[in-house]
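K.L.:
Contents are mmCIF, C-alpha atoms and all ligand atoms; file name entry-v4.cif:
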data_target
loop_
_atom_site.label_atom_id
_atom_site.label_comp_id
_atom_site.auth_asym_id
_atom_site.auth_seq_id
_atom_site.Cartn_x
_atom_site.Cartn_y
_atom_site.Cartn_z
CA MET A 278 30.72 32.29 -10.89
CA ARG A 279 27.17 31.61 -9.67
CA ILE A 280 25.35 28.25 -9.83
CA GLY A 281 21.66 27.60 -9.21
CA VAL A 282 20.49 24.24 -7.81
CA LEU A 283 17.07 22.59 -7.71
CA THR A 284 15.68 19.19 -6.76
CA GLY A 285 12.62 17.88 -8.64
CA GLY A 286 10.35 14.83 -8.84
CA GLY A 287 9.96 12.19 -6.15
CA ASP A 288 12.30 12.73 -3.21
CA SER A 289 14.72 10.10 -2.00
CA PRO A 290 17.48 9.60 0.53
CA GLY A 291 20.83 10.91 -0.71
CA ILE A 292 19.66 14.20 -2.23
CA ASN A 293 20.91 16.20 0.73
CA ALA A 294 24.29 14.48 0.49
CA ALA A 295 24.47 15.71 -3.12
CA LEU A 296 23.50 19.27 -2.11
CA ARG A 297 26.19 19.23 0.57
CA ALA A 298 28.77 18.01 -1.94
CA ILE A 299 27.83 20.72 -4.45
CA VAL A 300 28.07 23.49 -1.86
CA ARG A 301 31.32 22.22 -0.33
CA LYS A 302 33.03 21.85 -3.70
CA ALA A 303 31.68 25.21 -4.90
CA ALA A 304 32.88 26.95 -1.73
CA ALA A 305 36.34 25.47 -2.19
CA GLU A 306 36.40 26.96 -5.70
CA GLY A 307 34.96 30.34 -4.71
CA VAL A 308 31.68 29.66 -6.53
CA GLU A 309 28.40 31.04 -5.17
CA VAL A 310 25.38 28.70 -4.97
CA ILE A 311 21.70 29.71 -4.95
CA GLY A 312 19.03 27.19 -4.02
CA PHE A 313 15.67 27.15 -5.81
CA ARG A 314 12.73 25.78 -3.85
CA ASP A 315 10.32 23.05 -4.93
CA GLY A 316 11.80 21.89 -8.22
CA TRP A 317 11.10 23.80 -11.43
CA ARG A 318 8.39 25.76 -9.62
CA GLY A 319 11.23 27.60 -7.89
CA LEU A 320 12.50 28.84 -11.25
CA VAL A 321 9.02 29.67 -12.56
CA ASN A 322 8.08 31.69 -9.46
CA ASP A 323 11.59 32.81 -8.46
CA LEU A 324 11.55 31.08 -5.07
CA THR A 325 15.11 31.13 -3.80
CA THR A 326 16.72 30.07 -0.58
CA PRO A 327 20.29 30.56 0.63
CA LEU A 328 22.45 27.51 0.04
CA GLY A 329 25.80 28.00 1.71
CA LEU A 330 28.06 26.11 4.08
CA LYS A 331 25.81 26.91 7.03
CA GLU A 332 22.71 25.51 5.30
CA VAL A 333 24.34 22.21 4.35
CA SER A 334 25.94 21.61 7.72
CA GLY A 335 24.63 18.43 9.34
CA ILE A 336 22.44 17.32 6.40
CA LEU A 337 24.58 14.39 5.17
CA PRO A 338 22.50 11.67 6.91
CA THR A 339 19.10 13.30 6.45
CA GLY A 340 16.44 12.09 4.00
CA GLY A 341 14.20 14.19 1.76
CA THR A 342 15.53 17.43 0.29
CA ILE A 343 16.19 20.66 2.15
CA LEU A 344 15.19 22.53 -1.04
CA GLY A 345 11.76 20.89 -1.29
CA THR A 346 10.51 19.32 -4.50
CA SER A 347 7.55 19.28 -6.90
CA ARG A 348 6.53 17.72 -10.19
CA THR A 349 6.24 21.12 -11.93
CA ASN A 350 6.75 21.11 -15.69
CA PRO A 351 7.20 24.56 -17.28
CA PHE A 352 6.52 22.97 -20.67
CA LYS A 353 3.22 21.46 -21.76
CA LYS A 354 3.93 17.81 -22.42
CA GLU A 355 1.40 16.21 -24.73
CA LYS A 356 0.90 13.30 -27.08
CA ARG A 357 0.14 14.38 -30.65
CA ASP A 358 -0.24 11.88 -33.49
CA GLY A 359 1.43 9.29 -31.31
CA LYS A 360 4.42 11.54 -30.60
CA THR A 361 5.37 13.22 -27.33
CA VAL A 362 5.62 17.00 -27.74
CA TRP A 363 7.09 19.47 -25.22
CA GLU A 364 5.35 22.74 -26.03
CA ARG A 365 6.87 26.00 -24.81
CA THR A 366 4.61 27.97 -22.41
CA ASP A 367 4.91 31.32 -20.61
CA LYS A 368 6.35 29.39 -17.66
CA VAL A 369 9.44 28.71 -19.77
CA ASP A 370 9.84 32.48 -20.25
CA LYS A 371 9.61 32.87 -16.47
CA VAL A 372 12.31 30.24 -15.94
CA LEU A 373 14.60 32.00 -18.42
CA ALA A 374 13.91 35.38 -16.78
CA THR A 375 14.73 34.00 -13.32
CA TYR A 376 17.95 32.49 -14.65
CA GLU A 377 18.93 35.89 -16.10
CA ARG A 378 17.82 37.89 -13.05
CA HIS A 379 20.12 35.93 -10.77
CA GLY A 380 23.04 36.11 -13.19
CA LEU A 381 23.43 32.34 -13.19
CA ASP A 382 26.27 30.71 -15.09
CA CYS A 383 24.80 27.24 -14.73
CA LEU A 384 21.87 25.40 -13.22
CA ILE A 385 22.27 21.99 -11.58
CA ALA A 386 19.04 19.96 -11.67
CA ILE A 387 18.81 16.90 -9.43
CA GLY A 388 16.04 14.46 -10.33
CA GLY A 389 14.68 11.72 -12.56
CA ASP A 390 13.73 11.61 -16.23
CA ASP A 391 11.03 14.30 -15.86
CA THR A 392 13.23 16.84 -14.05
CA LEU A 393 16.19 16.18 -16.31
CA GLY A 394 13.89 16.14 -19.34
CA VAL A 395 12.95 19.74 -18.54
CA ALA A 396 16.64 20.63 -18.27
CA ALA A 397 17.30 18.98 -21.64
CA HIS A 398 14.54 21.07 -23.25
CA LEU A 399 15.72 24.30 -21.61
CA VAL A 400 19.29 24.08 -22.89
CA PRO A 401 18.31 24.94 -26.50
CA GLN A 402 16.38 27.92 -25.04
CA GLY A 403 19.63 29.41 -23.80
CA ILE A 404 20.37 28.21 -20.28
CA LYS A 405 23.34 26.13 -19.18
CA ALA A 406 22.26 23.03 -17.27
CA ILE A 407 23.85 19.97 -15.71
CA GLY A 408 21.82 17.02 -14.43
CA ILE A 409 22.36 14.71 -11.48
CA PRO A 410 20.43 11.39 -11.61
CA GLN A 411 18.15 10.92 -8.63
CA THR A 412 15.26 8.45 -8.54
CA ILE A 413 14.60 5.33 -6.52
CA ASP A 414 13.30 3.82 -9.79
CA ASN A 415 16.89 3.66 -11.15
CA ASP A 416 15.47 3.92 -14.66
CA LEU A 417 17.64 6.71 -16.06
CA TRP A 418 19.64 5.80 -19.08
CA GLY A 419 23.37 6.65 -18.92
CA THR A 420 24.02 5.79 -15.29
CA ASP A 421 24.31 2.46 -13.50
CA TYR A 422 22.91 3.98 -10.32
CA SER A 423 20.66 6.90 -9.51
CA ILE A 424 20.69 8.54 -6.08
CA GLY A 425 18.04 6.95 -3.84
CA PHE A 426 17.97 3.53 -5.49
CA PRO A 427 20.59 1.89 -3.23
CA THR A 428 18.74 3.00 -0.10
CA ALA A 429 15.37 1.91 -1.51
CA LEU A 430 16.85 -1.57 -2.05
CA SER A 431 17.94 -1.79 1.57
CA ILE A 432 14.47 -0.72 2.71
CA VAL A 433 12.80 -3.39 0.54
CA MET A 434 15.28 -6.00 1.76
CA GLU A 435 14.59 -5.18 5.41
CA ALA A 436 10.83 -5.24 4.80
CA LEU A 437 11.11 -8.71 3.21
CA ASP A 438 13.21 -9.93 6.13
CA ARG A 439 10.51 -8.78 8.53
CA LEU A 440 7.61 -10.09 6.42
CA HIS A 441 9.25 -13.52 6.23
CA THR A 442 8.55 -14.11 9.91
CA THR A 443 4.77 -13.51 9.77
CA SER A 444 4.49 -15.20 6.41
CA HIS A 445 6.21 -18.28 7.83
CA ALA A 446 4.33 -18.29 11.14
CA HIS A 447 0.86 -17.84 9.58
CA HIS A 448 1.46 -19.80 6.35
CA ARG A 449 0.71 -16.96 4.00
CA ALA A 450 1.25 -15.89 0.44
CA MET A 451 2.68 -12.48 1.29
CA ILE A 452 2.39 -10.05 -1.62
CA VAL A 453 4.74 -7.08 -1.35
CA GLU A 454 4.12 -4.24 -3.81
CA VAL A 455 7.13 -2.05 -4.51
CA MET A 456 7.61 1.14 -6.55
CA GLY A 457 9.57 1.60 -9.77
CA ARG A 458 6.98 2.83 -12.25
CA ASP A 459 7.65 1.18 -15.66
CA ALA A 460 10.90 -0.51 -14.67
CA GLY A 461 11.47 -3.47 -12.36
CA TRP A 462 14.81 -2.48 -10.83
CA ILE A 463 13.55 -2.18 -7.26
CA ALA A 464 11.52 -5.40 -7.51
CA VAL A 465 14.30 -7.49 -9.06
CA GLN A 466 17.19 -6.34 -6.90
CA GLY A 467 15.23 -5.70 -3.70
CA GLY A 468 13.50 -9.04 -4.19
CA MET A 469 16.78 -10.88 -4.71
CA ALA A 470 18.37 -9.23 -1.68
CA GLY A 471 15.38 -10.17 0.49
CA GLY A 472 14.99 -13.73 -0.84
CA ALA A 473 11.63 -13.29 -2.61
CA ASP A 474 10.03 -16.48 -3.92
CA VAL A 475 8.34 -14.80 -6.91
CA ILE A 476 9.25 -11.47 -8.55
CA LEU A 477 6.87 -9.80 -10.99
CA ILE A 478 8.06 -6.85 -13.07
CA PRO A 479 6.77 -4.62 -15.91
CA GLU A 480 9.41 -5.99 -18.29
CA ARG A 481 7.72 -9.41 -18.36
CA PRO A 482 3.89 -9.59 -18.30
CA PHE A 483 3.05 -12.38 -15.84
CA SER A 484 0.42 -15.09 -15.65
CA VAL A 485 -1.42 -15.80 -12.40
CA GLU A 486 -1.23 -19.53 -13.18
CA ASP A 487 2.53 -19.26 -13.23
CA VAL A 488 2.55 -17.51 -9.83
CA VAL A 489 0.30 -20.26 -8.46
CA ALA A 490 2.60 -22.94 -9.94
CA ARG A 491 5.62 -21.41 -8.25
CA ILE A 492 3.90 -21.26 -4.87
CA ARG A 493 2.64 -24.84 -5.43
CA LYS A 494 6.19 -26.01 -6.12
CA ARG A 495 7.25 -24.61 -2.75
CA LEU A 496 4.29 -26.29 -1.01
CA ASP A 497 5.44 -29.58 -2.52
CA MET A 498 8.81 -28.97 -0.85
CA ASP A 499 6.92 -28.41 2.42
CA LYS A 500 7.55 -24.66 2.31
CA ARG A 501 4.24 -23.42 3.66
CA PHE A 502 4.67 -19.74 2.86
CA SER A 503 5.73 -17.61 -0.10
CA ILE A 504 6.89 -14.04 -0.56
CA ILE A 505 5.76 -12.49 -3.85
CA VAL A 506 7.34 -9.16 -4.79
CA VAL A 507 5.30 -7.30 -7.38
CA ALA A 508 6.43 -4.06 -9.01
CA GLU A 509 3.69 -1.42 -9.09
CA GLY A 510 3.91 -1.36 -12.91
CA ALA A 511 3.78 -5.16 -13.38
CA ILE A 512 1.30 -6.27 -16.00
CA PRO A 513 -0.97 -9.33 -15.77
CA ALA A 514 -0.84 -10.99 -19.19
CA GLU A 515 -4.50 -11.97 -18.89
CA LEU A 516 -5.54 -8.32 -19.21
CA GLY A 517 -4.06 -8.37 -22.67
CA TYR A 518 -1.46 -5.61 -22.29
CA PRO A 519 1.73 -7.02 -23.71
CA VAL A 520 3.26 -3.53 -23.86
CA ILE A 521 5.59 -2.14 -21.27
CA ARG A 522 6.05 1.54 -22.12
CA ALA A 523 3.97 4.02 -20.13
CA GLU A 524 3.07 6.11 -23.14
CA GLU A 525 1.45 3.08 -24.72
CA ARG A 526 -0.86 2.59 -21.78
CA GLU A 527 -3.51 5.13 -22.69
CA ASP A 528 -5.92 6.82 -20.34
CA ASN A 529 -5.22 4.72 -17.29
CA ILE A 530 -7.26 1.84 -18.65
CA LEU A 531 -4.92 -0.64 -17.03
CA ARG A 532 -5.15 1.11 -13.66
CA LEU A 533 -8.94 0.98 -13.85
CA GLU A 534 -8.95 -2.71 -14.67
CA LEU A 535 -6.62 -3.35 -11.78
CA GLY A 536 -9.01 -1.66 -9.42
CA HIS A 537 -8.14 2.02 -8.96
CA PRO A 538 -11.22 4.15 -8.33
CA PRO A 539 -11.88 6.15 -11.55
CA GLU A 540 -11.23 9.54 -9.97
CA MET A 541 -7.84 8.36 -8.71
CA ALA A 542 -6.87 6.65 -11.95
CA LYS A 543 -7.66 9.81 -13.89
CA GLU A 544 -5.19 11.80 -11.85
CA LYS A 545 -2.05 12.39 -13.89
CA ASP A 546 0.91 14.56 -13.00
CA ALA A 547 2.32 17.39 -15.17
CA PHE A 548 4.42 14.84 -17.04
CA GLY A 549 1.43 12.67 -17.90
CA HIS A 550 2.19 9.87 -15.42
CA PRO A 551 -0.80 8.14 -13.87
CA GLN A 552 -0.72 7.14 -10.21
CA TYR A 553 0.58 3.55 -10.17
CA GLY A 554 0.83 2.42 -6.57
CA GLY A 555 -1.67 0.42 -4.56
CA SER A 556 -3.56 -1.54 -7.19
CA ILE A 557 -1.64 -4.48 -8.64
CA GLY A 558 -0.88 -6.00 -5.20
CA TYR A 559 -4.56 -6.13 -4.26
CA TRP A 560 -5.58 -7.28 -7.73
CA LEU A 561 -3.20 -10.23 -7.44
CA ALA A 562 -4.43 -11.10 -3.94
CA ASN A 563 -7.98 -11.22 -5.29
CA ARG A 564 -6.99 -13.45 -8.15
CA LEU A 565 -5.13 -15.85 -5.83
CA GLN A 566 -8.40 -16.36 -3.93
CA ASP A 567 -9.57 -18.24 -7.04
CA TYR A 568 -6.90 -20.89 -6.39
CA LYS A 569 -7.70 -21.80 -2.78
CA LYS A 570 -7.57 -25.54 -3.46
CA GLU A 571 -4.20 -25.48 -5.23
CA LEU A 572 -2.75 -23.21 -2.57
CA GLU A 573 -3.96 -25.43 0.28
CA GLY A 574 -5.35 -22.55 2.30
CA LEU A 575 -2.25 -20.36 2.05
CA THR A 576 -3.95 -17.00 2.55
CA PRO A 577 -2.82 -14.04 0.45
CA ARG A 578 -2.00 -10.80 2.31
CA VAL A 579 -0.80 -7.52 0.82
CA THR A 580 1.79 -5.00 1.96
CA VAL A 581 2.26 -1.89 -0.18
CA LEU A 582 5.65 -0.42 0.73
CA ALA A 583 4.87 2.87 -1.06
CA TYR A 584 6.62 5.97 0.30
CA LEU A 585 8.53 4.06 2.96
CA GLN A 586 10.92 3.28 0.09
CA ARG A 587 11.73 6.98 -0.34
CA GLY A 588 12.13 7.90 3.32
CA GLY A 589 14.71 7.93 6.06
CA VAL A 590 18.47 8.07 6.05
CA ALA A 591 20.64 7.22 3.06
CA THR A 592 22.93 4.19 3.03
CA ALA A 593 26.72 4.62 2.76
CA PHE A 594 26.58 3.68 -0.93
CA ASP A 595 23.98 6.38 -1.63
CA ARG A 596 25.90 9.05 0.29
CA LEU A 597 29.12 8.26 -1.56
CA LEU A 598 27.32 8.15 -4.92
CA ALA A 599 25.64 11.50 -4.24
CA THR A 600 28.91 13.02 -3.07
CA ARG A 601 30.82 11.93 -6.17
CA LEU A 602 28.08 13.05 -8.56
CA GLY A 603 27.68 16.41 -6.79
CA VAL A 604 31.40 17.21 -6.90
CA ARG A 605 31.68 16.19 -10.56
CA ALA A 606 28.69 18.36 -11.49
CA VAL A 607 30.43 21.43 -10.04
CA GLU A 608 33.69 20.53 -11.80
CA LEU A 609 31.82 20.33 -15.11
CA ALA A 610 30.11 23.66 -14.44
CA LEU A 611 33.53 25.21 -13.83
CA GLU A 612 34.72 23.76 -17.14
CA GLY A 613 31.79 25.48 -18.85
CA ALA A 614 29.95 22.25 -19.70
CA SER A 615 26.19 22.21 -20.31
CA GLY A 616 23.50 19.81 -21.51
CA VAL A 617 24.99 16.81 -19.72
CA MET A 618 24.11 14.51 -16.84
CA VAL A 619 26.80 13.10 -14.57
CA GLY A 620 26.42 9.33 -14.83
CA MET A 621 28.01 6.61 -12.73
CA GLN A 622 29.34 4.05 -15.20
CA GLY A 623 31.30 1.28 -13.52
CA GLU A 624 33.80 3.04 -11.27
CA LYS A 625 33.78 6.28 -13.26
CA VAL A 626 31.61 9.38 -13.19
CA VAL A 627 31.11 10.45 -16.81
CA PRO A 628 29.19 13.23 -18.58
CA VAL A 629 26.30 11.89 -20.67
CA PRO A 630 24.33 14.17 -23.05
CA LEU A 631 20.96 15.06 -21.48
CA GLU A 632 19.31 14.61 -24.87
CA GLU A 633 20.44 10.98 -24.96
CA VAL A 634 19.25 10.43 -21.39
CA ALA A 635 15.82 11.83 -22.28
CA ALA A 636 15.60 9.82 -25.51
CA ASN A 637 16.54 6.47 -23.94
CA SER A 638 14.84 6.58 -20.54
CA PRO A 639 13.22 4.69 -18.92
CA ARG A 640 16.05 2.16 -18.87
CA LEU A 641 14.57 -1.28 -18.30
CA VAL A 642 16.05 -4.24 -16.44
CA PRO A 643 18.22 -6.28 -18.83
CA ASP A 644 17.43 -9.94 -19.53
CA GLU A 645 20.63 -11.18 -17.83
CA LEU A 646 19.59 -9.69 -14.50
CA ILE A 647 16.03 -11.02 -14.80
CA GLU A 648 17.39 -14.48 -15.58
CA LEU A 649 19.79 -14.27 -12.63
CA ALA A 650 16.86 -13.49 -10.31
CA GLU A 651 14.86 -16.37 -11.78
CA ILE A 652 17.46 -18.89 -10.57
CA PHE A 653 16.06 -18.32 -7.08
CA TYR A 654 12.39 -18.96 -7.73
O1 LIG A 701 9.60 8.11 -9.43
C1 LIG A 701 9.61 7.78 -8.09
C2 LIG A 701 8.26 7.27 -7.65
O2 LIG A 701 8.34 6.95 -6.29
C3 LIG A 701 7.71 6.08 -8.46
O3 LIG A 701 8.30 4.86 -8.09
C4 LIG A 701 6.24 6.19 -8.15
O4 LIG A 701 5.45 5.56 -9.15
C5 LIG A 701 6.02 7.66 -8.12
O5 LIG A 701 7.27 8.26 -7.80
C6 LIG A 701 5.01 8.11 -7.12
O6 LIG A 701 4.77 9.46 -7.34
P1 LIG A 701 4.13 10.46 -6.29
O7 LIG A 701 5.22 10.81 -5.30
O8 LIG A 701 3.77 11.64 -7.12
O9 LIG A 701 2.98 9.78 -5.66
#
Let's see the structure in the file written out as structure tokens.
P.N.:
Amino acid sequence: MRIGVLTGGGDSPGINAALRAIVRKAAAEGVEVIGFRDGWRGLVNDLTTPLGLKEVSGILPTGGTILGTSRTNPFKKEKRDGKTVWERTDKVDKVLATYERHGLDCLIAIGGDDTLGVAAHLVPQGIKAIGIPQTIDNDLWGTDYSIGFPTALSIVMEALDRLHTTSHAHHRAMIVEVMGRDAGWIAVQGGMAGGADVILIPERPFSVEDVVARIRKRLDMDKRFSIIVVAEGAIPAELGYPVIRAEEREDNILRLELGHPPEMAKEKDAFGHPQYGGSIGYWLANRLQDYKKELEGLTPRVTVLAYLQRGGVATAFDRLLATRLGVRAVELALEGASGVMVGMQGEKVVPVPLEEVAANSPRLVPDELIELAEIFY
């Protein structure tokens, strides 16, 4: 048996632990593994790399992905009459030809909703595919945790711990912008772990007055600093965007209003996602300047955590998650399964149909968790 493996989308700590698990389990079962470089581009252009026991030796604690990654989409993803269409292109033919040429019995794709979405659309075209959830955004439906999310939380928590000291010493309203795209998982859980005083997420459009009121309440308790965690996809209610789904935010209008330069806001990836990071944090800081009197001189300052959240070594939780998901993916391949993602549900690793994952992602933060976080601010 021969399995191909690729890693696509944004990188994150824990991917290499999954690759190691796949190779170790495959070797134990006498299965050959071929690595494809740079996500789906590796299948389109037939870019392979050996992926055996030697290659995965010593990679357990390392961040990034030894296979490389990209946001290549062999399909053309478009909106037509309000519906998202994945149109077949000649790149899909190239993927299928590469799959045949290498005599693959299955392809394991490690990534988020875009990478696994491609896998879901390729299965009806004749390939066998199994997905492993990997995204710091943790927004894949069908799994409680995606590889990379646990480590990202620890990074956010440590950043908040460190920012507390300056915020406290200088009496500042410290705005910390975190990633997560259209879901607030990193903001809510990272913010709770790091003791944030305000958490703003895409799931609940926020009002600046409410942020000011929360900081004011702390000032009244003689707390002369505040830490505000804002998710990159958070939406100010005053801009009149009550929607939360990316596909409903046309043409980057929101990004422009928040202050992205037009050429940057126009930049979309092959899956139609605009660049989110680096605007809402500064927008909020500007708006807080309008409330100098209420905030008694508490100066706003911005820290955009950006790619720091995706770097470095994986936590124990992430390594164990990646290891369990990797092993289960190989077991399913051996059983002849296809069109499923291995999801972590409670204590169990279960196969979830890729079609369902694609149809229901992004998975948003449930109300109970948001309300739990709100107890603390
Ligand atoms: O999906 C992971 C993620 O880090 C998002 O949180 C973020 O919006 C996006 O990727 C950034 O993408 P890029 O790496 O293409 O800048």
K.L.:
Select the residues contacting ligand LIG 701 (chain A) at a distance of at most 7 Å, based on all atoms listed in the file, then format the selection as a VMD selection string.
P.N.:
chain A and resid 286 to 287 389 412 to 414 456 to 458 552 to 554 584 587
K.L.:
Each side padded by 8 Å, which centre and which edge lengths in Å (one decimal) define the axis-aligned box around the listed atoms of region 437-442 of chain A? Give them as JSON.
P.N.:
{"center_x": 10.4, "center_y": -11.4, "center_z": 6.6, "size_x": 21.6, "size_y": 21.4, "size_z": 22.7}
K.L.:
My list of candidates is A:Ala374, A:Leu328, A:Ile512, A:Ile504. Which is closest to Thr442 (chain A) when distances are computed with only C-alpha atoms?
P.N.:
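The closest residue to Thr442 (chain A) is A:Ile504.
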K.L.:
Which one of A:Gly285, A:Gly558, A:Pro410, A:Pro338 sits closest to Ile476 (chain A) if you count only C-alpha atoms?
P.N.:
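When distances to Ile476 (chain A) are compared using only C-alpha atoms, the smallest one comes from A:Gly558.
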K.L.:
Here is a test: counting only C-alpha atoms, which residue of A:Gly388, A:Pro577, A:Gly403, A:Pro639 is nearest to Gly461 (chain A)?
P.N.:
A:Pro639
K.L.:
If I take CA of Ile407 (chain A) and CA of Lys360 (chain A), how far is one from the other in Å, to one decimal?
P.N.:
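The value is 25.9 Å.
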K.L.:
Within 12 Å of (15.0, 28.1, -3.4) (coordinates as in the file), grab all the protein and nucleic acid residues, counting only C-alpha atoms, and write them out as JSON, numbers by chain.
P.N.:
{"A": [281, 282, 283, 284, 285, 310, 311, 312, 313, 314, 315, 316, 317, 318, 319, 320, 321, 322, 323, 324, 325, 326, 327, 328, 329, 332, 342, 343, 344, 345, 346, 375, 379]}
K.L.:
Please identify all polymer residues within 6 Å of Gly620 (chain A), counting all atoms listed in the file, omitting same-chain residues fewer than 3 positions from it, and present them as an mmCIF file with C-alpha atoms, in the frame of the given file.
P.N.:
data_model
loop_
_atom_site.group_PDB
_atom_site.id
_atom_site.type_symbol
_atom_site.label_atom_id
_atom_site.label_comp_id
_atom_site.auth_asym_id
_atom_site.auth_seq_id
_atom_site.Cartn_x
_atom_site.Cartn_y
_atom_site.Cartn_z
ATOM 1 C CA GLY A 419 23.370 6.650 -18.920
ATOM 2 C CA THR A 420 24.020 5.790 -15.290
ATOM 3 C CA VAL A 626 31.610 9.380 -13.190
ATOM 4 C CA VAL A 627 31.110 10.450 -16.810
#
K.L.:
Let me make sure I understand: among A:Ile452, A:Val488, A:Ala593, A:Leu649, which one has the smallest atom-to-atom distance to Thr576 (chain A) if we use only C-alpha atoms?
P.N.:
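Of the candidates, the smallest distance to Thr576 (chain A) is held by A:Ile452.
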K.L.:
Tell me, in Å to one decimal, how far CA of Val433 (chain A) is from CA of Met618 (chain A).
P.N.:
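Result for CA of Val433 (chain A) versus CA of Met618 (chain A): 27.4 Å, one decimal.
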K.L.:
Using all atoms listed in the file, which residues sit within 10 Å of Lys543 (chain A) once same-chain residues fewer than 4 positions away are excluded, as a PyMOL selection string?
P.N.:
chain A and resi 528-530+532-533+537-539+550-552
